[in-house]
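Trainee: My structure file work.cif, mmCIF, C-alpha atoms and all ligand atoms, is below:
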data_protein
loop_
_atom_site.label_atom_id
_atom_site.label_comp_id
_atom_site.auth_asym_id
_atom_site.auth_seq_id
_atom_site.Cartn_x
_atom_site.Cartn_y
_atom_site.Cartn_z
CA HIS A 7 -20.62 -10.77 -19.93
CA PHE A 8 -22.02 -11.99 -16.68
CA ALA A 9 -18.49 -12.76 -15.48
CA ASP A 10 -17.41 -9.22 -16.43
CA TYR A 11 -20.35 -7.77 -14.60
CA GLN A 12 -19.52 -9.78 -11.52
CA THR A 13 -15.91 -8.63 -11.58
CA THR A 14 -17.08 -5.03 -11.81
CA GLN A 15 -19.32 -5.49 -8.83
CA LEU A 16 -16.74 -7.28 -6.73
CA HIS A 17 -13.78 -5.14 -7.68
CA PRO A 18 -14.95 -1.68 -8.69
CA ASN A 19 -11.30 -0.73 -9.13
CA SER A 20 -10.41 -3.58 -11.45
CA GLU A 21 -7.72 -2.74 -14.00
CA THR A 22 -9.62 -4.03 -17.02
CA THR A 23 -12.89 -2.26 -16.35
CA MET A 24 -11.29 1.10 -15.75
CA GLU A 25 -9.00 1.47 -18.74
CA THR A 26 -11.21 4.03 -20.45
CA GLU A 27 -10.78 6.59 -17.71
CA THR A 28 -7.00 6.59 -17.81
CA GLN A 29 -5.55 10.02 -18.59
CA THR A 30 -3.00 10.21 -21.37
CA THR A 31 0.31 11.91 -20.58
CA GLU A 32 -0.77 14.91 -22.71
CA GLN A 33 -3.93 15.37 -20.66
CA MET A 34 -2.01 15.70 -17.42
CA THR A 35 -1.01 19.12 -16.16
CA ASN A 36 1.47 20.57 -13.68
CA SER A 37 -1.30 20.95 -11.15
CA ASP A 38 -1.99 17.21 -11.16
CA LEU A 39 -1.15 15.47 -7.91
CA SER A 40 0.67 12.70 -9.82
CA GLU A 41 3.02 15.22 -11.41
CA GLN A 42 3.56 17.20 -8.24
CA ILE A 43 4.26 14.14 -6.14
CA LYS A 44 6.80 12.88 -8.66
CA ALA A 45 8.49 16.29 -8.75
CA VAL A 46 8.73 16.77 -4.98
CA THR A 47 10.10 13.26 -4.41
CA LYS A 48 12.58 13.32 -7.27
CA GLU A 49 15.58 14.10 -5.11
CA SER A 50 14.48 11.58 -2.46
CA HIS A 51 14.18 8.93 -5.17
CA VAL A 52 17.80 9.48 -6.15
CA ARG A 53 18.83 9.15 -2.50
CA ALA A 54 16.76 5.97 -2.11
CA GLU A 55 18.37 4.47 -5.24
CA ASN A 56 21.78 5.21 -3.78
CA THR A 57 21.36 3.49 -0.42
CA GLU A 58 23.67 0.51 0.11
CA LEU A 59 20.75 -1.91 -0.05
CA MET A 60 19.41 -0.58 -3.35
CA LEU A 61 22.94 -0.40 -4.79
CA SER A 62 23.40 -4.09 -3.92
CA PHE A 63 20.29 -4.83 -5.95
CA GLN A 64 21.45 -2.73 -8.89
CA ARG A 65 24.88 -4.41 -8.84
CA GLY A 66 23.28 -7.85 -8.79
CA LYS A 67 24.97 -8.50 -5.44
CA VAL A 68 22.10 -8.89 -3.01
CA THR A 69 22.91 -11.56 -0.42
CA MET A 70 20.53 -13.97 1.24
CA PRO A 71 20.82 -12.32 4.72
CA GLN A 72 20.22 -8.92 3.11
CA HIS A 73 17.19 -10.13 1.24
CA LYS A 74 15.71 -11.94 4.24
CA LEU A 75 15.98 -8.86 6.43
CA PHE A 76 14.53 -6.73 3.63
CA LEU A 77 11.51 -9.05 3.39
CA CYS A 78 10.96 -8.90 7.17
CA SER A 79 10.76 -5.11 7.10
CA LEU A 80 8.56 -5.05 4.02
CA TYR A 81 6.24 -7.49 5.76
CA GLU A 82 5.81 -5.26 8.82
CA VAL A 83 5.33 -2.16 6.66
CA TYR A 84 2.78 -3.72 4.29
CA LYS A 85 0.90 -5.29 7.18
CA VAL A 86 0.17 -1.85 8.59
CA LEU A 87 -0.18 -0.07 5.23
CA GLU A 88 -2.73 -2.58 3.94
CA GLU A 89 -4.58 -2.75 7.25
CA GLU A 90 -4.98 1.03 7.22
CA MET A 91 -5.93 1.08 3.52
CA ASP A 92 -8.56 -1.62 4.17
CA ARG A 93 -9.94 0.17 7.21
CA ASN A 94 -10.17 3.45 5.27
CA SER A 95 -11.18 1.98 1.93
CA GLN A 96 -14.42 4.01 1.86
CA HIS A 97 -12.68 7.28 2.65
CA PRO A 98 -13.04 9.65 -0.35
CA SER A 99 -9.26 10.11 -0.62
CA VAL A 100 -8.55 6.39 -0.40
CA ALA A 101 -11.38 4.79 -2.41
CA PRO A 102 -10.09 5.89 -5.86
CA ILE A 103 -6.63 4.43 -5.24
CA TYR A 104 -7.76 1.29 -3.42
CA PHE A 105 -6.72 -1.69 -5.58
CA PRO A 106 -6.31 -4.66 -3.25
CA ALA A 107 -6.88 -7.28 -5.96
CA GLU A 108 -4.08 -5.86 -8.12
CA LEU A 109 -1.61 -4.52 -5.59
CA ALA A 110 -1.88 -6.21 -2.18
CA ARG A 111 1.58 -7.41 -1.11
CA LEU A 112 1.00 -8.88 2.34
CA GLY A 113 0.08 -12.37 1.12
CA THR A 114 3.08 -12.48 -1.21
CA LEU A 115 5.41 -11.47 1.63
CA GLU A 116 3.98 -14.18 3.90
CA LYS A 117 4.66 -16.76 1.19
CA ASP A 118 8.21 -15.54 0.62
CA LEU A 119 9.00 -15.42 4.33
CA GLU A 120 7.80 -19.00 4.71
CA TYR A 121 10.02 -20.01 1.81
CA PHE A 122 13.14 -18.44 3.33
CA TYR A 123 12.55 -19.02 7.07
CA GLY A 124 10.30 -22.08 7.17
CA GLN A 125 6.87 -22.64 8.70
CA ASP A 126 7.68 -20.87 11.96
CA TRP A 127 8.74 -17.70 10.11
CA ARG A 128 6.47 -15.53 12.26
CA GLU A 129 8.72 -16.10 15.26
CA LYS A 130 11.79 -15.21 13.25
CA VAL A 131 10.80 -11.83 11.80
CA VAL A 132 13.37 -9.22 12.85
CA VAL A 133 13.05 -5.52 12.14
CA PRO A 134 15.22 -2.53 13.04
CA ALA A 135 13.96 0.56 14.88
CA ALA A 136 13.47 2.50 11.63
CA THR A 137 10.88 -0.04 10.47
CA ARG A 138 8.96 0.38 13.70
CA ARG A 139 9.01 4.16 13.21
CA TYR A 140 7.69 3.76 9.65
CA CYS A 141 4.87 1.50 10.90
CA HIS A 142 4.06 3.90 13.70
CA ARG A 143 3.68 6.76 11.21
CA LEU A 144 1.43 4.65 8.99
CA ARG A 145 -0.85 3.81 11.93
CA GLN A 146 -0.95 7.42 13.00
CA ILE A 147 -2.00 8.80 9.62
CA GLY A 148 -4.45 5.92 9.11
CA LYS A 149 -6.19 7.16 12.25
CA GLU A 150 -5.69 10.91 12.05
CA ASN A 151 -5.17 11.82 8.36
CA PRO A 152 -6.35 9.05 6.03
CA GLU A 153 -6.04 11.49 3.11
CA PHE A 154 -2.24 11.16 3.52
CA LEU A 155 -2.38 7.41 2.82
CA VAL A 156 -2.22 8.19 -0.89
CA ALA A 157 1.36 9.44 -0.37
CA HIS A 158 2.42 6.17 1.23
CA ALA A 159 0.55 3.94 -1.21
CA TYR A 160 2.11 5.86 -4.12
CA THR A 161 5.63 5.56 -2.72
CA ARG A 162 5.48 1.82 -2.19
CA TYR A 163 3.15 0.48 -4.87
CA LEU A 164 4.28 2.61 -7.79
CA GLY A 165 7.88 1.93 -6.79
CA ASP A 166 7.21 -1.82 -6.68
CA LEU A 167 5.42 -1.69 -10.01
CA SER A 168 8.29 0.27 -11.58
CA GLY A 169 11.14 -1.92 -10.44
CA GLY A 170 9.41 -5.14 -9.44
CA GLN A 171 10.09 -7.48 -12.32
CA VAL A 172 13.67 -6.35 -12.78
CA LEU A 173 14.49 -6.52 -9.07
CA GLY A 174 12.90 -9.98 -8.86
CA ARG A 175 15.18 -11.32 -11.61
CA ILE A 176 18.21 -9.70 -10.00
CA ALA A 177 17.34 -11.18 -6.62
CA GLN A 178 16.90 -14.63 -8.17
CA LYS A 179 20.27 -14.49 -9.92
CA SER A 180 22.14 -12.95 -6.99
CA MET A 181 20.97 -15.63 -4.57
CA GLY A 182 21.28 -18.44 -7.08
CA LEU A 183 17.63 -19.44 -6.76
CA LYS A 184 16.52 -21.95 -9.36
CA SER A 185 12.98 -20.74 -9.86
CA SER A 186 10.96 -17.71 -8.93
CA GLU A 187 9.98 -19.48 -5.70
CA GLY A 188 10.39 -17.13 -2.76
CA LEU A 189 10.06 -14.13 -5.06
CA SER A 190 6.30 -13.61 -5.19
CA PHE A 191 6.66 -10.13 -3.71
CA PHE A 192 8.08 -8.90 -7.01
CA ALA A 193 5.32 -10.33 -9.20
CA PHE A 194 1.95 -8.70 -9.88
CA PRO A 195 -0.16 -11.38 -11.57
CA GLY A 196 -3.22 -9.10 -11.37
CA VAL A 197 -1.52 -6.37 -13.40
CA SER A 198 -1.10 -7.24 -17.06
CA SER A 199 0.71 -4.05 -18.04
CA PRO A 200 2.53 -2.21 -15.24
CA ASN A 201 2.85 0.92 -17.38
CA ARG A 202 -0.83 1.10 -18.20
CA PHE A 203 -1.69 0.37 -14.61
CA LYS A 204 0.60 3.17 -13.44
CA GLN A 205 -1.24 5.53 -15.80
CA LEU A 206 -4.58 4.44 -14.36
CA TYR A 207 -3.24 4.87 -10.84
CA ARG A 208 -2.03 8.40 -11.64
CA SER A 209 -5.45 9.36 -13.05
CA ARG A 210 -7.06 8.05 -9.89
CA MET A 211 -4.65 10.04 -7.75
CA ASN A 212 -5.55 13.12 -9.78
CA SER A 213 -9.24 12.55 -9.18
CA VAL A 214 -8.86 12.80 -5.41
CA GLU A 215 -10.35 16.06 -4.20
CA LEU A 216 -8.07 17.84 -1.77
CA THR A 217 -8.02 21.31 -0.25
CA GLU A 218 -4.81 23.26 -0.79
CA GLU A 219 -3.79 22.50 2.76
CA GLU A 220 -4.45 18.78 2.35
CA ARG A 221 -2.57 18.73 -0.94
CA SER A 222 0.56 20.23 0.56
CA GLY A 223 0.18 17.79 3.45
CA VAL A 224 0.12 14.87 0.98
CA LEU A 225 3.21 16.17 -0.84
CA GLU A 226 5.07 16.60 2.43
CA GLU A 227 4.00 13.10 3.48
CA ALA A 228 5.38 11.62 0.25
CA VAL A 229 8.80 13.09 0.97
CA ARG A 230 8.50 11.68 4.47
CA ALA A 231 7.51 8.27 3.08
CA PHE A 232 10.68 8.16 0.98
CA GLU A 233 12.72 9.29 3.99
CA LEU A 234 11.20 6.51 6.13
CA ASN A 235 12.13 3.97 3.46
CA ILE A 236 15.69 5.29 3.26
CA GLN A 237 16.02 5.02 7.04
CA VAL A 238 14.80 1.42 6.93
CA PHE A 239 17.35 0.52 4.23
CA ASP A 240 20.17 2.19 6.18
CA ASP A 241 19.14 0.52 9.43
CA LEU A 242 19.03 -2.89 7.72
CA GLN A 243 22.60 -2.41 6.52
CA LYS A 244 23.70 -1.48 10.04
CA LEU A 245 22.07 -4.61 11.40
CA LEU A 246 23.89 -6.72 8.81
CA LEU A 247 27.16 -5.00 9.59
CA SER A 248 26.78 -5.81 13.26
CA VAL A 249 26.19 -9.46 12.33
CA HIS A 250 29.36 -9.56 10.20
CA GLU A 251 31.36 -7.90 12.96
CA ASP A 252 30.09 -10.47 15.38
CA GLU A 253 31.25 -13.24 13.10
CA ARG A 254 34.72 -11.68 13.02
CA GLN A 255 35.02 -11.08 16.78
CA THR A 256 33.20 -13.97 18.34
CA SER A 257 33.86 -12.62 21.84
CA SER A 258 31.89 -9.44 21.15
CA THR A 259 29.10 -8.90 23.66
CA HIS A 260 27.04 -6.13 22.14
CA SER A 261 26.59 -7.17 18.50
CA THR A 262 23.82 -9.41 17.22
CA PRO A 263 24.76 -13.01 16.42
CA ALA A 264 23.78 -14.17 12.94
CA LYS A 265 22.21 -17.28 14.43
CA MET A 266 19.94 -15.23 16.65
CA LEU A 267 18.68 -13.40 13.56
CA GLN A 268 18.28 -16.68 11.65
CA LEU A 269 20.29 -15.31 8.74
C1 LIG A 301 9.71 4.89 -10.50
C2 LIG A 301 14.13 3.00 -10.64
C3 LIG A 301 14.05 2.37 -5.86
C4 LIG A 301 9.78 4.62 -5.66
C5 LIG A 301 10.90 4.40 -10.94
C6 LIG A 301 11.27 4.30 -12.33
C7 LIG A 301 12.50 3.77 -12.37
C8 LIG A 301 12.93 3.52 -11.01
C9 LIG A 301 13.33 3.47 -13.61
C10 LIG A 301 10.39 4.69 -13.51
C11 LIG A 301 10.53 6.15 -13.73
C12 LIG A 301 9.49 6.66 -14.69
O1 LIG A 301 8.54 5.95 -15.01
O2 LIG A 301 9.61 7.80 -15.07
C13 LIG A 301 14.48 2.65 -9.36
C14 LIG A 301 15.70 1.94 -8.99
C15 LIG A 301 15.67 1.76 -7.66
C16 LIG A 301 14.43 2.36 -7.18
C17 LIG A 301 16.77 1.49 -9.96
C18 LIG A 301 16.66 1.08 -6.77
C19 LIG A 301 17.13 -0.13 -7.01
C20 LIG A 301 12.90 2.96 -5.39
C21 LIG A 301 12.53 3.02 -4.00
C22 LIG A 301 11.32 3.67 -3.95
C23 LIG A 301 10.94 3.99 -5.32
C24 LIG A 301 13.34 2.46 -2.86
C25 LIG A 301 10.47 4.02 -2.77
C26 LIG A 301 10.66 3.61 -1.56
C27 LIG A 301 9.40 4.87 -6.95
C28 LIG A 301 8.13 5.49 -7.31
C29 LIG A 301 8.10 5.56 -8.70
C30 LIG A 301 9.36 4.99 -9.17
C31 LIG A 301 7.06 5.95 -6.35
C32 LIG A 301 6.97 6.12 -9.56
C33 LIG A 301 7.34 7.52 -9.99
C34 LIG A 301 6.20 8.16 -10.75
O3 LIG A 301 5.97 7.75 -11.87
O4 LIG A 301 5.56 9.06 -10.21
N1 LIG A 301 11.93 3.92 -10.16
N2 LIG A 301 13.76 2.88 -8.24
N3 LIG A 301 11.93 3.55 -6.15
N4 LIG A 301 10.10 4.58 -8.09
FE1 LIG A 301 11.93 3.79 -8.16
#
In structure tokens, how does this file's structure come out?
Mentor:
Amino acid sequence: HFADYQTTQLHPNSETTMETETQTTEQMTNSDLSEQIKAVTKESHVRAENTELMLSFQRGKVTMPQHKLFLCSLYEVYKVLEEEMDRNSQHPSVAPIYFPAELARLGTLEKDLEYFYGQDWREKVVVPAATRRYCHRLRQIGKENPEFLVAHAYTRYLGDLSGGQVLGRIAQKSMGLKSSEGLSFFAFPGVSSPNRFKQLYRSRMNSVELTEEERSGVLEEAVRAFELNIQVFDDLQKLLLSVHEDERQTSSTHSTPAKMLQL
């Protein structure tokens, strides 16, 4: 009991202590943020699923260079997202959906990058312009509109929780990795049931008090968050294409050599 008490004190948002407050699907209504956000991003989700990068995952054909570049961009994005979530963790719109113990991805990405690039991975991280734009937006809303962070946290964390395990297995098979080493990003050891956790997360989103104006701002921001992700995926593919072209025409002067990108 003492251990339970301690956990509650240290992690007020712990999955196990909060199960009782989870809404059931029947209790949710159309005016719930979780329902509205899912509805407004539905079309964007389809577009995200159909980007070349996500199709490679779904076909079980993700290559090592693709995956390494993907991890680099995720690292930059989560670095800013989690920094802004931490900084704003007491903000009334952030506190209910702040689950660092269960969801934080930065540490997992650092581990995976070290696995793929080696100890000096920090010097080898390469990101396209779209990733920098995504990070810039995250910083901006962290400073100016922390109530919009819920849109970004939803887009990334609920997406990762929905596809994580499956994508991890696909990545492992596609790249011929023997174990799950290098794939910690896809695993959530602090979440015993992703579905139950998603339900808890939705209830917490629905408990955030927002004015009508703020609510429409959050919904708009969620569509933007998906769009920023899509642009990152498309930019990563372009970067890879330029590498392949360079390999074909070694005399090319304007493309990016694979060696320079450590792919
Ligand atoms: C949920 C598939 C990519 C964000 C889901 C669900 C599936 C899925 C099956 C569960 C739907 C449900 O519970 O009703 C996929 C596939 C993808 C993909 C196959 C590509 C390989 C993405 C990307 C993002 C994303 C790139 C965001 C950048 C989300 C979010 C949810 C979700 C936020 C939670 C929806 C909600 O319950 O409100 N996805 N997804 N997904 N996905 Fe994806």
Trainee: With ligand LIG 301 (chain A) as the partner and 8 Å as the cut-off, tabulate the residues of chain A that qualify, each row holding the nearest pair of atoms and their distance in Å to one decimal, using only C-alpha atoms and all ligand atoms, sorted by chain and rising number, as a tab-separated table.
Mentor:
residue	atom	partner	partner_atom	distance
A:Ser40	CA	A:LIG301	O4	6.1
A:Glu41	CA	A:LIG301	O4	6.8
A:Ile43	CA	A:LIG301	O4	6.6
A:Lys44	CA	A:LIG301	O4	4.3
A:Ala45	CA	A:LIG301	O4	7.9
A:His51	CA	A:LIG301	C23	5.9
A:Val52	CA	A:LIG301	C16	7.9
A:Ala54	CA	A:LIG301	C24	5.0
A:Glu55	CA	A:LIG301	C18	4.1
A:Asn56	CA	A:LIG301	C18	7.2
A:Met60	CA	A:LIG301	C19	4.3
A:Leu61	CA	A:LIG301	C19	6.2
A:Phe63	CA	A:LIG301	C19	5.8
A:Gln64	CA	A:LIG301	C19	5.4
A:Tyr160	CA	A:LIG301	C31	5.4
A:Thr161	CA	A:LIG301	C31	3.9
A:Arg162	CA	A:LIG301	C25	5.5
A:Tyr163	CA	A:LIG301	C31	6.9
A:Leu164	CA	A:LIG301	C31	4.6
A:Gly165	CA	A:LIG301	C27	3.3
A:Asp166	CA	A:LIG301	C4	7.0
A:Leu167	CA	A:LIG301	C30	7.8
A:Ser168	CA	A:LIG301	C5	4.9
A:Gly169	CA	A:LIG301	C8	5.8
A:Leu173	CA	A:LIG301	C19	7.2
A:Asn201	CA	A:LIG301	O1	8.0
A:Lys204	CA	A:LIG301	O3	7.2
A:Arg208	CA	A:LIG301	O4	7.8
A:Ala231	CA	A:LIG301	C26	7.3
A:Phe232	CA	A:LIG301	C26	5.2
A:Asn235	CA	A:LIG301	C26	5.2
A:Ile236	CA	A:LIG301	C24	7.1
Trainee: Kindly provide, as lines of an AutoDock Vina configuration file, the centre and edge lengths (Å, one decimal) of an axis-aligned box around all atoms of range 141-155 of chain A given in the file, with 6 Å on each side.
Mentor:
center_x = -0.7
center_y = 6.7
center_z = 8.3
size_x = 23.2
size_y = 22.3
size_z = 22.9
Trainee: For Leu216 in chain A, which residue out of A:Ser99, A:Glu88, A:Gly170, A:Thr137 is the nearest one, using all atoms listed in the file?
Mentor: A:Ser99
Trainee: Distance CA of Phe194 in chain A-CA of Asn151 in chain A, one decimal place?
Mentor: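 Value for the CA of Phe194 in chain A-CA of Asn151 in chain A distance: 28.4 Å.
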Trainee: At a cut-off of 8 Å, using all atoms listed in the file, what residues contact Glu90 in chain A? Leave out same-chain residues fewer than 5 positions from it and give the result as a compact mmCIF listing (two decimals) with C-alpha atoms, in the coordinates of the input.
Mentor:
# COMPACT_ATOMS: atom_id res chain seq x y z
CA LEU A 144 1.43 4.65 8.99
CA ARG A 145 -0.85 3.81 11.93
CA GLY A 148 -4.45 5.92 9.11
Trainee: Choose the residue, out of A:Leu206, A:Leu267, A:Leu155, A:Val68, that has the smallest atom-to-atom separation from Val100 in chain A; count all atoms listed in the file.
Mentor: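 Checking each candidate against Val100 in chain A, we get A:Leu155 as the closest.
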Trainee: Nearest to Leu246 in chain A among A:Trp127, A:Tyr81, A:Tyr104, A:Phe76, with distances taken over only C-alpha atoms: which residue is it?
Mentor: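 Using only C-alpha atoms, the shortest distance to Leu246 in chain A belongs to A:Phe76.
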Trainee: Write out as a ChimeraX atom specification the residues lying within 10 Å of Lys74 in chain A, counting all atoms listed in the file and excluding same-chain residues fewer than 2 positions away.
Mentor: /A:69-72,76-80,118-119,122-123,131-132,267-269
Trainee: Go through A:Asp38, A:Glu89, A:Asp241, A:Glu129 and flag the residue nearest Cys141 in chain A, using all atoms listed in the file for the distances.
Mentor: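 For Cys141 in chain A, the nearest of the candidates is A:Glu89.
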Trainee: So, counting all atoms listed in the file, which residue among A:Thr57, A:Gln146, A:Ser198, A:Gln42 is closest to Glu108 in chain A?
Mentor: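 Distance minimum relative to Glu108 in chain A lands on A:Ser198.
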Trainee: Name the residues in contact with Pro195 in chain A at a cut-off of 10 Å, using only C-alpha atoms, excluding same-chain residues fewer than 5 positions from it; report them as a short mmCIF file (atom, residue, chain, number, x, y, z; two decimals) with C-alpha atoms, in the frame of the given file.
Mentor:
data_model
loop_
_atom_site.label_atom_id
_atom_site.label_comp_id
_atom_site.auth_asym_id
_atom_site.auth_seq_id
_atom_site.Cartn_x
_atom_site.Cartn_y
_atom_site.Cartn_z
CA ALA A 107 -6.88 -7.28 -5.96
CA GLU A 108 -4.08 -5.86 -8.12
CA LEU A 109 -1.61 -4.52 -5.59
CA SER A 190 6.30 -13.61 -5.19
#
Trainee: Measuring between only C-alpha atoms, which one of A:Lys85, A:Lys48, A:Lys67, A:His97 shows the shortest distance to Glu215 in chain A?
Mentor: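 Answer, going by the shortest atom-to-atom distance: A:His97.
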